[in-house]
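Quick look at coords-v2.cif (mmCIF, C-alpha atoms):
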```cif
data_my_file
#
loop_
_atom_site.label_atom_id
_atom_site.label_comp_id
_atom_site.auth_asym_id
_atom_site.auth_seq_id
_atom_site.Cartn_x
_atom_site.Cartn_y
_atom_site.Cartn_z
CA MET W 1 161.26 62.60 95.93
CA TYR W 2 159.00 65.46 97.09
CA GLU W 3 160.16 65.11 100.71
CA CYS W 4 163.76 65.10 99.54
CA GLN W 5 163.19 68.37 97.64
CA LEU W 6 161.58 69.95 100.72
CA TYR W 7 164.57 68.89 102.82
CA PHE W 8 167.02 70.67 100.51
CA VAL W 9 164.76 73.74 100.29
CA ASP W 10 164.78 73.86 104.11
CA LYS W 11 168.55 73.53 104.19
CA TYR W 12 168.91 76.29 101.60
CA ILE W 13 166.64 78.67 103.55
CA VAL W 14 168.61 78.10 106.75
CA PHE W 15 171.86 78.67 104.90
CA ILE W 16 170.61 81.95 103.40
CA LYS W 17 169.31 83.20 106.75
CA SER W 18 172.50 82.36 108.62
CA TYR W 19 174.69 83.76 105.85
CA ILE W 20 172.87 87.09 105.88
CA LEU W 21 172.88 87.28 109.68
CA GLU W 22 176.53 86.33 110.07
CA ARG W 23 177.81 88.57 107.29
CA ARG W 24 175.58 91.47 108.36
CA PHE W 25 174.86 92.48 104.78
CA MET W 26 173.81 96.02 103.97
CA GLY W 27 170.37 97.10 105.21
CA VAL W 28 168.62 96.60 101.87
CA THR W 29 169.57 92.93 101.77
CA TYR W 30 168.52 92.41 105.37
CA ASP W 31 165.21 94.08 104.62
CA ILE W 32 164.62 91.43 101.95
CA LEU W 33 165.01 88.73 104.60
CA LEU W 34 162.50 90.48 106.89
CA HIS W 35 160.01 90.84 104.03
CA TYR W 36 160.44 87.11 103.45
CA LEU W 37 159.83 86.32 107.13
CA ASN W 38 156.67 88.44 107.04
CA LYS W 39 155.46 86.50 104.02
CA GLN W 40 156.03 83.28 105.94
CA ALA W 41 154.02 84.62 108.90
CA GLU W 42 151.26 85.78 106.57
CA ALA W 43 150.68 82.21 105.32
CA THR W 44 148.96 81.24 108.60
CA GLY W 45 148.47 84.71 110.05
CA GLU W 46 144.77 85.11 109.31
CA SER W 47 143.93 81.74 110.87
CA VAL W 48 145.96 82.55 113.98
CA LEU W 49 144.44 86.01 114.41
CA GLU W 50 140.91 84.61 114.11
CA LYS W 51 141.55 82.55 117.26
CA ILE W 52 142.86 85.43 119.36
CA ASP W 53 140.56 87.84 121.14
CA VAL W 54 142.33 90.94 119.83
CA TYR W 55 139.62 93.57 119.61
CA GLY W 56 139.31 95.87 122.59
CA ARG W 57 142.82 95.11 123.85
CA LYS W 58 144.30 98.51 124.69
CA LYS W 59 147.93 97.49 125.06
CA ILE W 60 149.49 94.62 123.13
CA VAL W 61 153.10 93.40 123.21
CA ASP W 62 154.68 91.47 120.33
CA ILE W 63 157.76 89.80 121.86
CA GLY W 64 160.39 88.96 119.26
CA CYS W 65 158.54 90.90 116.57
CA GLY W 66 160.99 90.10 113.75
CA GLY W 67 159.71 91.79 110.60
CA GLY W 68 156.65 93.01 112.46
CA PHE W 69 153.90 91.13 110.61
CA TYR W 70 151.81 90.57 113.74
CA SER W 71 152.59 94.00 115.17
CA PHE W 72 151.15 95.55 112.01
CA GLN W 73 148.07 93.33 112.18
CA PHE W 74 147.41 94.08 115.85
CA ALA W 75 147.82 97.81 115.27
CA GLN W 76 145.46 97.87 112.29
CA MET W 77 142.84 95.72 114.02
CA ASN W 78 142.92 98.02 117.06
CA LYS W 79 143.56 101.49 115.70
CA PHE W 80 143.21 103.10 119.14
CA SER W 81 145.46 100.60 120.89
CA GLU W 82 149.17 100.76 121.63
CA VAL W 83 151.24 97.96 120.15
CA PHE W 84 154.77 97.49 121.51
CA ALA W 85 157.10 95.67 119.12
CA LEU W 86 159.99 94.14 121.10
CA ASP W 87 163.13 92.60 119.67
CA VAL W 88 166.81 92.07 120.51
CA ASP W 89 167.93 93.13 117.03
CA GLU W 90 167.95 96.86 116.22
CA ARG W 91 167.68 96.07 112.49
CA HIS W 92 164.29 94.46 113.08
CA LEU W 93 163.08 97.52 114.96
CA GLU W 94 164.36 99.91 112.28
CA PHE W 95 162.53 97.85 109.67
CA VAL W 96 159.33 98.01 111.72
CA LYS W 97 159.72 101.78 112.08
CA LYS W 98 160.18 102.23 108.32
CA GLN W 99 157.25 99.97 107.46
CA SER W 100 155.04 101.69 110.04
CA ARG W 101 155.70 105.04 108.38
CA LYS W 102 155.19 103.56 104.93
CA LYS W 103 151.89 101.90 105.94
CA ASN W 104 150.83 104.96 107.97
CA ILE W 105 150.45 102.96 111.21
CA PRO W 106 151.15 105.42 114.05
CA ASN W 107 150.33 103.18 117.04
CA ILE W 108 153.35 100.83 116.95
CA PHE W 109 156.16 101.51 119.41
CA PRO W 110 159.42 99.55 118.84
CA ILE W 111 161.43 98.70 121.97
CA LEU W 112 164.92 97.19 122.08
CA ILE W 113 165.40 94.44 124.67
CA THR W 114 168.41 92.26 125.55
CA PRO W 115 168.63 88.46 125.10
CA ASN W 116 169.01 87.81 128.85
CA GLN W 117 166.40 90.34 130.01
CA ASP W 118 164.01 88.72 132.50
CA ASP W 119 161.71 91.68 133.06
CA LEU W 120 160.02 93.91 130.52
CA PRO W 121 159.63 97.73 130.74
CA PHE W 122 155.94 97.79 131.65
CA LYS W 123 153.92 98.66 134.74
CA LYS W 124 151.92 96.27 136.87
CA GLN W 125 148.71 95.09 135.22
CA GLU W 126 149.36 97.32 132.19
CA ILE W 127 149.29 94.84 129.27
CA ASP W 128 146.21 93.12 127.83
CA LEU W 129 147.94 90.71 125.46
CA PHE W 130 151.45 89.29 125.14
CA PHE W 131 152.19 87.54 121.84
CA LEU W 132 155.20 85.27 121.19
CA ARG W 133 155.71 83.50 117.89
CA ASN W 134 158.66 81.14 117.51
CA VAL W 135 160.70 82.82 120.25
CA PHE W 136 159.96 80.70 123.33
CA HIS W 137 163.10 78.59 122.75
CA ASP W 138 165.25 81.75 122.93
CA ILE W 139 164.14 82.70 126.44
CA GLN W 140 166.98 81.77 128.77
CA ARG W 141 165.14 81.56 132.11
CA PRO W 142 161.52 81.00 131.07
CA ILE W 143 159.98 80.38 134.51
CA LYS W 144 161.44 83.59 135.91
CA TYR W 145 160.65 85.44 132.68
CA PHE W 146 156.96 84.53 132.61
CA SER W 147 156.61 84.91 136.36
CA ASN W 148 157.78 88.52 135.97
CA LEU W 149 155.61 88.95 132.89
CA SER W 150 152.53 87.83 134.84
CA LYS W 151 152.80 90.98 136.95
CA ASN W 152 152.50 93.15 133.83
CA LEU W 153 149.35 91.39 132.65
CA THR W 154 145.87 92.69 133.36
CA GLN W 155 143.51 90.35 135.20
CA GLN W 156 141.69 89.49 131.97
CA GLY W 157 144.87 89.53 129.90
CA ILE W 158 146.23 86.62 127.85
CA VAL W 159 149.58 85.26 126.70
CA VAL W 160 149.60 83.75 123.22
CA ILE W 161 152.44 81.34 122.39
CA VAL W 162 153.09 79.89 118.95
CA GLU W 163 156.23 77.75 118.93
CA PHE W 164 158.03 75.34 116.64
CA LEU W 165 157.73 71.72 117.71
CA PRO W 166 160.58 69.17 117.79
CA ASN W 167 159.92 67.39 114.51
CA THR W 168 162.53 66.06 112.10
CA LYS W 169 160.26 66.83 109.13
CA PHE W 170 160.93 70.54 109.57
CA VAL W 171 164.25 72.34 109.68
CA GLU W 172 163.46 74.25 112.90
CA GLY W 173 162.51 71.02 114.63
CA ARG W 174 165.80 69.44 113.60
CA THR W 175 168.04 72.33 114.62
CA GLY W 176 166.82 73.04 118.16
CA HIS W 177 164.78 76.16 117.36
CA CYS W 178 161.79 74.56 119.04
CA THR W 179 160.17 73.54 122.34
CA ALA W 180 157.96 70.58 123.17
CA GLU W 181 154.38 71.61 123.89
CA ASN W 182 154.22 69.82 127.23
CA GLU W 183 157.41 71.58 128.31
CA ILE W 184 155.85 74.97 127.56
CA GLN W 185 152.74 74.05 129.52
CA LEU W 186 154.78 72.91 132.51
CA ILE W 187 156.82 76.13 132.52
CA MET W 188 153.73 78.31 132.21
CA GLU W 189 152.05 76.42 135.06
CA LYS W 190 155.05 77.03 137.30
CA ALA W 191 155.08 80.70 136.31
CA GLY W 192 151.49 81.21 137.46
CA PHE W 193 149.44 80.58 134.33
CA SER W 194 146.76 78.13 133.29
CA LEU W 195 145.93 76.95 129.79
CA LYS W 196 142.89 78.78 128.38
CA LYS W 197 142.76 77.45 124.81
CA SER W 198 144.79 75.09 122.64
CA PHE W 199 144.63 74.81 118.85
CA GLN W 200 145.81 71.99 116.61
CA PHE W 201 145.73 73.39 113.07
CA LEU W 202 149.41 74.47 113.00
CA LYS W 203 150.61 70.98 113.88
CA PRO W 204 152.80 69.07 113.23
CA LYS W 205 155.05 72.12 112.68
CA GLN W 206 153.96 74.43 115.51
CA SER W 207 151.98 74.44 118.73
CA PHE W 208 149.50 77.23 119.43
CA ASN W 209 148.28 77.88 122.96
CA ILE W 210 146.68 80.73 124.89
CA TYR W 211 147.34 81.19 128.61
CA GLN W 212 145.67 83.21 131.33
CA LEU W 213 146.50 84.02 134.93
CA LYS W 214 145.49 81.38 137.49
#
```

Take the structure in this file and express it as structure tokens.
Amino acid sequence: MYECQLYFVDKYIVFIKSYILERRFMGVTYDILLHYLNKQAEATGESVLEKIDVYGRKKIVDIGCGGGFYSFQFAQMNKFSEVFALDVDERHLEFVKKQSRKKNIPNIFPILITPNQDDLPFKKQEIDLFFLRNVFHDIQRPIKYFSNLSKNLTQQGIVVIVEFLPNTKFVEGRTGHCTAENEIQLIMEKAGFSLKKSFQFLKPKQSFNIYQLK
């Protein structure tokens, strides 16, 4: 009975998200969705951040920032760092801008990117940390993408990937918004990375891995 209730809750959440996105409701309504997404991220956010070597990273990139939960955390943990919040949706970036002003966080810099963009607007060996949460499946040419990204990473830099797993118990795993962990590892290997750390506590819903340059 409990699993059945969870299934319908999942279906309802997906319906609400898609309805809001497709209808492009007024900004206030969309902001409610982004607040909700940030609350979802917050549920496991502290545990994830504890496993990432964030302190001392001068330049951090949050790819697919959404409502900006992790961008805000990175910026507050490293007050003298620069945090670049990237997304393909201008509404997400406007939300991040508004929340940054509201929270008095001056070191977040929103950047609009395109869905098929294979290279990011950074210099060689400029970035200390790339962070991707639940966006890997949206990258159209991942080997090329991460091969290009490797050039932007400092020698001691890391790439953190949290991604939904194919799992019929969860709505994302049933609807294709996911990537198998071994597939991610194979792609990253081909793009010039090696696995540095792997964590299990987000499973069976998500994988959580940290990569470094070979």

Practice prompt. Tell me which residues the PyMOL selection byres ((chain W and resi 69) around 10) grabs here, as a ChimeraX atom specification.
Written response: /W:34-35,37-42,45,62,65-68,70-74,96,99

Write to file, as a short mmCIF file (atom, residue, chain, number, x, y, z; two decimals), keeping the file's coordinate frame, the residues of the selection just made, with C-alpha atoms.
```
data_model
loop_
_atom_site.label_atom_id
_atom_site.label_comp_id
_atom_site.auth_asym_id
_atom_site.auth_seq_id
_atom_site.Cartn_x
_atom_site.Cartn_y
_atom_site.Cartn_z
CA LEU W 34 162.50 90.48 106.89
CA HIS W 35 160.01 90.84 104.03
CA LEU W 37 159.83 86.32 107.13
CA ASN W 38 156.67 88.44 107.04
CA LYS W 39 155.46 86.50 104.02
CA GLN W 40 156.03 83.28 105.94
CA ALA W 41 154.02 84.62 108.90
CA GLU W 42 151.26 85.78 106.57
CA GLY W 45 148.47 84.71 110.05
CA ASP W 62 154.68 91.47 120.33
CA CYS W 65 158.54 90.90 116.57
CA GLY W 66 160.99 90.10 113.75
CA GLY W 67 159.71 91.79 110.60
CA GLY W 68 156.65 93.01 112.46
CA TYR W 70 151.81 90.57 113.74
CA SER W 71 152.59 94.00 115.17
CA PHE W 72 151.15 95.55 112.01
CA GLN W 73 148.07 93.33 112.18
CA PHE W 74 147.41 94.08 115.85
CA VAL W 96 159.33 98.01 111.72
CA GLN W 99 157.25 99.97 107.46
#
```

Fill in: Output of the PyMOL selection byres ((chain W and resi 196-208) around 8), listed as a VMD selection string
chain W and resid 160 to 165 167 170 173 181 194 to 195 209 to 212

Fill in: Protein/DNA/RNA residues near (168.2, 80.6, 127.3), cut 12 Å, all atoms listed in the file, as a PyMOL selection string
chain W and resi 114-118+135-145+176-177+179

Worksheet entry | atom CA of Ala85 of chain W to atom CA of Asp128 of chain W, distance in Å rounded to a single decimal |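 Atom CA of Asp128 of chain W lies at a distance of 14.2 Å from atom CA of Ala85 of chain W.
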
Discussion item. Could you list, as a ChimeraX atom specification, every residue matched by the PyMOL selection byres ((chain W and resi 150-156) around 8) in this structure?
Written reply: /W:122-129,146-149,157-158,191-193,212-213

Fill in: Among listed residues W:Pro121, W:Asn78, W:His92, W:Asp87, nearest Pro106 of chain W (using all atoms listed in the file)
W:Asn78

Worksheet item: atom CA of Val54 of chain W and atom CA of Met77 of chain W, how far apart in Å?
Response: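 Interatomic distance here is 7.5 Å.
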
Fill in: Coordinates-based distance that separates atom CA of Glu94 of chain W from atom CA of Asn107 of chain W (Å, one decimal)
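Computing it gives 15.2 Å between the two atoms.
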
Practice prompt. Give as a PyMOL selection string the set of residues within 6 Å of the point (162.3, 92.1, 124.1), where distances use the file's coordinates and all atoms listed in the file.
Written response: chain W and resi 63+86-88+113
